[in-house]
file coords_33.cif (mmCIF, C-alpha atoms)
data_start
loop_
_atom_site.group_PDB
_atom_site.id
_atom_site.type_symbol
_atom_site.label_atom_id
_atom_site.label_comp_id
_atom_site.auth_asym_id
_atom_site.auth_seq_id
_atom_site.Cartn_x
_atom_site.Cartn_y
_atom_site.Cartn_z
ATOM 1 C CA MET A 869 -30.379 -30.365 -57.760
ATOM 2 C CA LYS A 870 -30.033 -27.684 -55.121
ATOM 3 C CA ILE A 871 -33.032 -25.499 -54.330
ATOM 4 C CA VAL A 872 -31.834 -22.036 -53.493
ATOM 5 C CA GLY A 873 -33.892 -19.071 -52.396
ATOM 6 C CA PHE A 874 -35.043 -16.826 -49.597
ATOM 7 C CA LEU A 875 -36.194 -17.899 -46.161
ATOM 8 C CA PHE A 876 -39.654 -18.657 -47.478
ATOM 9 C CA ILE A 877 -40.092 -20.339 -50.838
ATOM 10 C CA ILE A 878 -43.151 -21.877 -52.383
ATOM 11 C CA ILE A 879 -42.771 -24.065 -55.410
ATOM 12 C CA SER A 880 -46.119 -25.024 -56.851
ATOM 13 C CA ILE A 881 -46.596 -27.679 -59.499
ATOM 14 C CA THR A 882 -50.146 -28.258 -60.672
ATOM 15 C CA GLY A 883 -51.064 -31.357 -62.618
ATOM 16 C CA ASN A 884 -53.465 -34.265 -62.517
ATOM 17 C CA ALA A 885 -55.773 -32.104 -60.360
ATOM 18 C CA GLN A 886 -53.130 -31.923 -57.650
ATOM 19 C CA SER A 887 -51.238 -28.957 -56.292
ATOM 20 C CA TRP A 888 -47.786 -29.860 -54.982
ATOM 21 C CA GLU A 889 -46.080 -27.233 -52.857
ATOM 22 C CA VAL A 890 -42.713 -27.143 -51.151
ATOM 23 C CA LYS A 891 -42.395 -24.595 -48.360
ATOM 24 C CA ASN A 892 -39.351 -23.492 -46.422
ATOM 25 C CA HIS A 893 -39.596 -23.084 -42.671
ATOM 26 C CA PRO A 894 -39.050 -19.393 -41.809
ATOM 27 C CA ASN A 895 -36.602 -20.217 -39.015
ATOM 28 C CA ASN A 896 -34.542 -23.303 -39.827
ATOM 29 C CA GLY A 897 -34.809 -23.422 -43.620
ATOM 30 C CA LYS A 898 -36.002 -27.038 -43.684
ATOM 31 C CA MET A 899 -38.661 -27.945 -46.222
ATOM 32 C CA ALA A 900 -42.125 -29.434 -45.923
ATOM 33 C CA ILE A 901 -44.472 -30.694 -48.634
ATOM 34 C CA PHE A 902 -48.104 -29.704 -49.121
ATOM 35 C CA ASN A 903 -50.524 -31.500 -51.436
ATOM 36 C CA ASN A 904 -53.749 -29.673 -52.304
ATOM 37 C CA SER A 905 -52.921 -27.246 -49.478
ATOM 38 C CA LYS A 906 -52.692 -30.098 -46.963
ATOM 39 C CA GLN A 907 -49.357 -30.584 -45.217
ATOM 40 C CA ILE A 908 -48.167 -34.146 -45.869
ATOM 41 C CA SER A 909 -44.718 -33.953 -44.286
ATOM 42 C CA SER A 910 -42.996 -32.211 -41.428
ATOM 43 C CA TYR A 911 -40.341 -29.546 -42.022
ATOM 44 C CA ARG A 912 -37.474 -31.999 -42.263
ATOM 45 C CA PHE A 913 -36.110 -32.037 -45.817
ATOM 46 C CA SER A 914 -32.892 -30.329 -46.858
ATOM 47 C CA GLU A 915 -33.821 -30.759 -50.556
ATOM 48 C CA VAL A 916 -36.937 -31.676 -52.512
ATOM 49 C CA GLY A 917 -36.937 -32.416 -56.227
ATOM 50 C CA GLU A 918 -39.629 -31.868 -58.821
ATOM 51 C CA LEU A 919 -42.723 -34.059 -58.650
ATOM 52 C CA SER A 920 -42.532 -36.051 -61.870
ATOM 53 C CA GLN A 921 -44.599 -39.125 -62.704
ATOM 54 C CA GLY A 922 -45.763 -39.243 -59.106
ATOM 55 C CA LYS A 923 -42.226 -39.367 -57.672
ATOM 56 C CA ALA A 924 -39.772 -36.839 -56.259
ATOM 57 C CA PHE A 925 -36.336 -37.109 -54.728
ATOM 58 C CA VAL A 926 -35.850 -35.774 -51.212
ATOM 59 C CA ALA A 927 -32.910 -35.445 -48.859
ATOM 60 C CA GLU A 928 -32.543 -35.373 -45.116
ATOM 61 C CA GLY A 929 -28.904 -34.485 -44.800
ATOM 62 C CA ASP A 930 -26.490 -35.670 -47.477
ATOM 63 C CA LEU A 931 -28.325 -38.702 -48.891
ATOM 64 C CA TYR A 932 -31.337 -38.891 -51.189
ATOM 65 C CA GLY A 933 -34.390 -41.107 -51.344
ATOM 66 C CA TYR A 934 -37.643 -40.963 -53.300
ATOM 67 C CA ILE A 935 -41.187 -40.273 -52.145
ATOM 68 C CA ASN A 936 -44.539 -40.498 -53.903
ATOM 69 C CA GLU A 937 -47.104 -37.712 -54.301
ATOM 70 C CA ASN A 938 -48.541 -38.543 -50.863
ATOM 71 C CA GLY A 939 -45.194 -38.045 -49.151
ATOM 72 C CA ARG A 940 -44.577 -41.735 -48.512
ATOM 73 C CA LEU A 941 -40.913 -42.738 -48.672
ATOM 74 C CA GLU A 942 -40.475 -45.368 -51.396
ATOM 75 C CA THR A 943 -36.731 -45.909 -51.047
ATOM 76 C CA SER A 944 -34.345 -45.533 -48.173
ATOM 77 C CA TYR A 945 -31.942 -42.586 -48.048
ATOM 78 C CA GLN A 946 -29.149 -44.293 -49.948
ATOM 79 C CA PHE A 947 -28.199 -42.185 -52.961
ATOM 80 C CA VAL A 948 -25.501 -39.541 -53.337
ATOM 81 C CA ILE A 949 -26.858 -38.717 -56.817
ATOM 82 C CA ALA A 950 -30.575 -38.469 -57.610
ATOM 83 C CA THR A 951 -32.377 -36.885 -60.560
ATOM 84 C CA ASN A 952 -35.992 -36.174 -61.414
ATOM 85 C CA PHE A 953 -37.871 -38.922 -63.228
ATOM 86 C CA LYS A 954 -38.157 -38.601 -67.002
ATOM 87 C CA ASP A 955 -40.099 -41.026 -69.166
ATOM 88 C CA GLY A 956 -40.188 -43.515 -66.299
ATOM 89 C CA TYR A 957 -36.519 -43.439 -65.283
ATOM 90 C CA ALA A 958 -34.084 -41.524 -63.073
ATOM 91 C CA ILE A 959 -30.315 -41.595 -62.675
ATOM 92 C CA VAL A 960 -29.116 -42.451 -59.171
ATOM 93 C CA GLY A 961 -25.778 -43.346 -57.683
ATOM 94 C CA ASP A 962 -23.387 -43.525 -54.796
ATOM 95 C CA SER A 963 -19.955 -41.931 -54.649
ATOM 96 C CA ILE A 964 -18.530 -44.557 -57.041
ATOM 97 C CA ASN A 965 -21.217 -45.979 -59.339
ATOM 98 C CA GLN A 966 -24.306 -44.759 -61.166
ATOM 99 C CA ASN A 967 -27.464 -46.695 -61.971
ATOM 100 C CA ILE A 968 -30.941 -46.340 -63.460
ATOM 101 C CA LEU A 969 -34.023 -46.427 -61.210
ATOM 102 C CA ASN A 970 -37.497 -47.087 -62.629
ATOM 103 C CA THR A 971 -40.827 -45.955 -61.160
ATOM 104 C CA ALA A 972 -41.225 -49.352 -59.481
ATOM 105 C CA MET A 973 -38.137 -48.313 -57.472
ATOM 106 C CA LYS A 974 -36.043 -51.052 -59.073
ATOM 107 C CA LEU A 975 -32.387 -50.595 -59.991
ATOM 108 C CA LEU A 976 -31.871 -51.865 -63.531
ATOM 109 C CA LEU A 977 -28.101 -52.295 -63.838
ATOM 110 C CA PRO A 978 -25.214 -53.968 -62.058
ATOM 111 C CA SER A 979 -23.560 -51.512 -59.664
ATOM 112 C CA GLN A 980 -20.341 -51.187 -61.635
ATOM 113 C CA PHE A 981 -20.577 -48.180 -63.941
ATOM 114 C CA ALA A 982 -18.943 -44.778 -63.583
ATOM 115 C CA ARG A 983 -21.608 -43.085 -65.713
ATOM 116 C CA VAL A 984 -24.959 -43.991 -67.203
ATOM 117 C CA LYS A 985 -27.402 -42.207 -69.480
ATOM 118 C CA LEU A 986 -31.192 -42.299 -69.436
ATOM 119 C CA PRO A 987 -32.716 -44.845 -71.824
ATOM 120 C CA TYR A 988 -33.040 -43.845 -75.470
ATOM 121 C CA ASN A 989 -34.744 -46.135 -77.960
ATOM 122 C CA GLY A 990 -34.823 -48.734 -75.203
ATOM 123 C CA LEU A 991 -31.045 -48.642 -74.670
ATOM 124 C CA ILE A 992 -29.100 -47.450 -71.627
ATOM 125 C CA LEU A 993 -25.586 -46.249 -72.362
ATOM 126 C CA VAL A 994 -23.058 -47.167 -69.672
ATOM 127 C CA GLN A 995 -19.438 -46.198 -69.092
ATOM 128 C CA SER A 996 -17.011 -48.485 -67.295
ATOM 129 C CA HIS A 997 -14.482 -47.180 -64.800
ATOM 130 C CA GLU A 998 -11.900 -47.733 -67.520
ATOM 131 C CA GLY A 999 -13.695 -45.129 -69.628
ATOM 132 C CA LEU A 1000 -15.253 -47.462 -72.213
ATOM 133 C CA TRP A 1001 -18.891 -47.335 -73.323
ATOM 134 C CA GLY A 1002 -21.483 -50.023 -73.941
ATOM 135 C CA ALA A 1003 -25.246 -50.491 -73.672
ATOM 136 C CA TYR A 1004 -27.884 -52.398 -71.713
ATOM 137 C CA ASP A 1005 -31.593 -52.758 -72.334
ATOM 138 C CA THR A 1006 -34.211 -51.643 -69.811
ATOM 139 C CA SER A 1007 -34.535 -55.222 -68.546
ATOM 140 C CA GLY A 1008 -30.940 -55.044 -67.336
ATOM 141 C CA SER A 1009 -29.420 -57.281 -70.018
ATOM 142 C CA GLU A 1010 -26.070 -56.369 -71.538
ATOM 143 C CA LEU A 1011 -26.384 -55.854 -75.289
ATOM 144 C CA ILE A 1012 -23.159 -54.040 -76.131
ATOM 145 C CA PRO A 1013 -20.183 -54.702 -73.830
ATOM 146 C CA PRO A 1014 -18.192 -51.639 -72.733
ATOM 147 C CA MET A 1015 -15.586 -51.476 -75.491
ATOM 148 C CA TYR A 1016 -16.040 -48.158 -77.269
ATOM 149 C CA ALA A 1017 -14.074 -44.971 -76.654
ATOM 150 C CA LEU A 1018 -17.063 -42.634 -77.048
ATOM 151 C CA PRO A 1019 -20.742 -42.986 -76.141
ATOM 152 C CA PRO A 1020 -22.379 -44.843 -79.053
ATOM 153 C CA ARG A 1021 -24.610 -42.614 -81.173
ATOM 154 C CA ILE A 1022 -27.983 -44.368 -81.213
ATOM 155 C CA LEU A 1023 -29.948 -43.608 -84.371
ATOM 156 C CA ASN A 1024 -32.198 -46.618 -83.877
ATOM 157 C CA LYS A 1025 -31.714 -50.209 -82.747
ATOM 158 C CA ASN A 1026 -30.366 -51.193 -86.146
ATOM 159 C CA LYS A 1027 -27.995 -48.270 -86.615
ATOM 160 C CA ILE A 1028 -25.641 -47.279 -83.808
ATOM 161 C CA ILE A 1029 -22.491 -45.334 -84.647
ATOM 162 C CA VAL A 1030 -19.479 -46.446 -82.584
ATOM 163 C CA ARG A 1031 -15.804 -45.572 -82.341
ATOM 164 C CA LEU A 1032 -13.205 -48.304 -81.937
ATOM 165 C CA ASN A 1033 -9.435 -47.805 -82.105
ATOM 166 C CA ASP A 1034 -9.893 -44.234 -83.409
ATOM 167 C CA GLU A 1035 -12.117 -45.352 -86.282
ATOM 168 C CA TYR A 1036 -15.875 -45.327 -86.705
ATOM 169 C CA GLY A 1037 -18.291 -48.077 -87.609
ATOM 170 C CA VAL A 1038 -21.958 -48.998 -87.293
ATOM 171 C CA VAL A 1039 -23.424 -51.813 -85.207
ATOM 172 C CA ASN A 1040 -26.919 -52.871 -84.210
ATOM 173 C CA ALA A 1041 -28.298 -53.217 -80.686
ATOM 174 C CA HIS A 1042 -26.707 -56.679 -80.383
ATOM 175 C CA ASN A 1043 -23.272 -55.300 -81.300
ATOM 176 C CA GLU A 1044 -23.374 -57.039 -84.682
ATOM 177 C CA SER A 1045 -21.323 -55.126 -87.238
ATOM 178 C CA ILE A 1046 -23.256 -53.330 -89.977
ATOM 179 C CA PHE A 1047 -20.268 -51.337 -91.217
ATOM 180 C CA ASN A 1048 -16.800 -52.214 -89.948
ATOM 181 C CA ALA A 1049 -14.928 -49.678 -87.819
ATOM 182 C CA SER A 1050 -12.734 -48.474 -90.672
ATOM 183 C CA TYR A 1051 -13.986 -44.918 -91.257
ATOM 184 C CA GLN A 1052 -12.446 -41.671 -90.098
ATOM 185 C CA TYR A 1053 -15.944 -40.381 -89.399
ATOM 186 C CA ILE A 1054 -19.566 -41.424 -89.870
ATOM 187 C CA SER A 1055 -22.280 -38.789 -89.772
ATOM 188 C CA PRO A 1056 -25.777 -39.333 -88.312
ATOM 189 C CA THR A 1057 -27.116 -38.713 -91.822
ATOM 190 C CA GLY A 1058 -25.328 -41.820 -93.071
ATOM 191 C CA TYR A 1059 -22.144 -40.569 -94.719
ATOM 192 C CA GLY A 1060 -18.813 -42.198 -93.973
ATOM 193 C CA TYR A 1061 -15.498 -40.439 -94.567
ATOM 194 C CA LYS A 1062 -12.606 -42.660 -95.632
ATOM 195 C CA SER A 1063 -9.418 -42.126 -97.635
ATOM 196 C CA GLY A 1064 -10.408 -38.578 -98.516
ATOM 197 C CA LYS A 1065 -13.869 -39.544 -99.812
ATOM 198 C CA TYR A 1066 -17.411 -39.352 -98.467
ATOM 199 C CA LEU A 1067 -19.372 -42.558 -99.020
ATOM 200 C CA ARG A 1068 -23.104 -43.014 -98.622
ATOM 201 C CA LEU A 1069 -23.554 -45.821 -96.096
ATOM 202 C CA PHE A 1070 -27.261 -45.548 -95.259
#
call {"tool": "encode", "arguments": {"input": "coords_33.cif", "output": "structure tokens"}}
result
Amino acid sequence: MKIVGFLFIIISITGNAQSWEVKNHPNNGKMAIFNNSKQISSYRFSEVGELSQGKAFVAEGDLYGYINENGRLETSYQFVIATNFKDGYAIVGDSINQNILNTAMKLLLPSQFARVKLPYNGLILVQSHEGLWGAYDTSGSELIPPMYALPPRILNKNKIIVRLNDEYGVVNAHNESIFNASYQYISPTGYGYKSGKYLRLF
């Protein structure tokens, strides 16, 4: 997330008929933002992220917040971790927990997870501080409780490969068992390995 360069850097991103520029002050190294060649912020930022979906993370000091394309701050400076938005979501966090932020600047999850992953097929993978993985939906509802040793492999909402007690199985998005966790391995192409044999599961 660091932006590294010489005393004077211009990063220009053109899209939606807008030109977004980040310029470094020649003396103090702080950054200012220009939109369509018009300066919309003072030289005060220590970091500026990529403008994505009308949002960008910025830092003044050690904490991050988010601004819109007009330079208006849309969150307070509260995050130790902040990523660029992708498909409507960004990963944010403090020094202990991670969370998912949407473009409405709403946190989607309880603040209790060591790691989270961006939504895929409408599911957010989460890891507890005990190291176990589960999944939430983008409304913030728990679908799969953290109970699996590895991040579930989401093929679709009806086929999710999981590992439990060193064996693999398949569940759906509601953690209902499709194939019991009794295989030494299950491939994304639908083959399960068990007792020295490959079996076609799906």
call {"tool": "residues_around", "arguments": {"input": "coords_33.cif", "residues": "segment 1025-1039 of chain A", "least_positions_apart": "3", "cutoff": "9 Å", "atoms": "all atoms listed in the file", "output": "list in words"}}
result
Asn989, Gly990, Leu991, Met1015, Tyr1016, Ala1017, Leu1018, Pro1019, Pro1020, Arg1021, Ile1022, His1042, Asn1043, Glu1044, Ser1045, Ile1046, Phe1047, Asn1048, Ala1049, Ser1050, Tyr1051, Gln1052, Tyr1053, Ile1054, Ser1055, Pro1056 and Gly1060 of chain A
call {"tool": "resolve_selection", "arguments": {"input": "coords_33.cif", "expression": "the PyMOL selection byres ((chain A and resi 931-944) around 8)", "output": "NGL selection string"}}
result
:A and (888 or 901 or 903 or 908-909 or 919 or 922-930 or 945-950 or 973)
call {"tool": "axis_aligned_box", "arguments": {"input": "coords_33.cif", "around": "segment 942-957 of chain A", "padding_each_side": "6 Å", "output": "JSON"}}
result
{"center_x": -33.0, "center_y": -41.0, "center_z": -58.6, "size_x": 27.0, "size_y": 21.7, "size_z": 33.1}
call {"tool": "atom_distance", "arguments": {"input": "coords_33.cif", "atom1": "atom CA of Ala900 of chain A", "atom2": "atom CA of Ser920 of chain A"}}
result
17.3 Å
call {"tool": "atom_distance", "arguments": {"input": "coords_33.cif", "atom1": "atom CA of Gly1008 of chain A", "atom2": "atom CA of Thr951 of chain A"}}
result
19.4 Å
call {"tool": "atom_distance", "arguments": {"input": "coords_33.cif", "atom1": "atom CA of Leu969 of chain A", "atom2": "atom CA of Asn904 of chain A"}}
result
27.4 Å
call {"tool": "closest_residue", "arguments": {"input": "coords_33.cif", "among": "A:Gly1058, A:Ala1041, A:Leu975, A:Ser914", "to": "Leu993 of chain A", "atoms": "all atoms listed in the file"}}
result
A:Ala1041
call {"tool": "closest_residue", "arguments": {"input": "coords_33.cif", "among": "A:Asp955, A:Val916, A:Ser887, A:Leu1069", "to": "Phe902 of chain A", "atoms": "only C-alpha atoms"}}
result
A:Ser887
call {"tool": "resolve_selection", "arguments": {"input": "coords_33.cif", "expression": "the PyMOL selection byres ((chain A and resi 998) around 10)", "output": "number ranges by chain"}}
result
A: 981-982, 995-997, 999-1001, 1014-1015, 1017
call {"tool": "closest_residue", "arguments": {"input": "coords_33.cif", "among": "A:Ser1007, A:Lys891, A:Leu986, A:Glu918", "to": "Lys906 of chain A", "atoms": "all atoms listed in the file"}}
result
A:Lys891
call {"tool": "residues_around", "arguments": {"input": "coords_33.cif", "residues": "Ile968 of chain A", "least_positions_apart": "4", "cutoff": "7 Å", "atoms": "all atoms listed in the file", "output": "number ranges by chain"}}
result
A: 957-960, 975-977
call {"tool": "write_last_selection", "arguments": {"input": "coords_33.cif", "atoms": "C-alpha atoms", "output": "PDB file, keeping the file's coordinate frame"}}
result
ATOM      1  CA  TYR A 957     -36.519 -43.439 -65.283  1.00  0.00           C
ATOM      2  CA  ALA A 958     -34.084 -41.524 -63.073  1.00  0.00           C
ATOM      3  CA  ILE A 959     -30.315 -41.595 -62.675  1.00  0.00           C
ATOM      4  CA  VAL A 960     -29.116 -42.451 -59.171  1.00  0.00           C
ATOM      5  CA  LEU A 975     -32.387 -50.595 -59.991  1.00  0.00           C
ATOM      6  CA  LEU A 976     -31.871 -51.865 -63.531  1.00  0.00           C
ATOM      7  CA  LEU A 977     -28.101 -52.295 -63.838  1.00  0.00           C
TER       8      LEU A 977
END
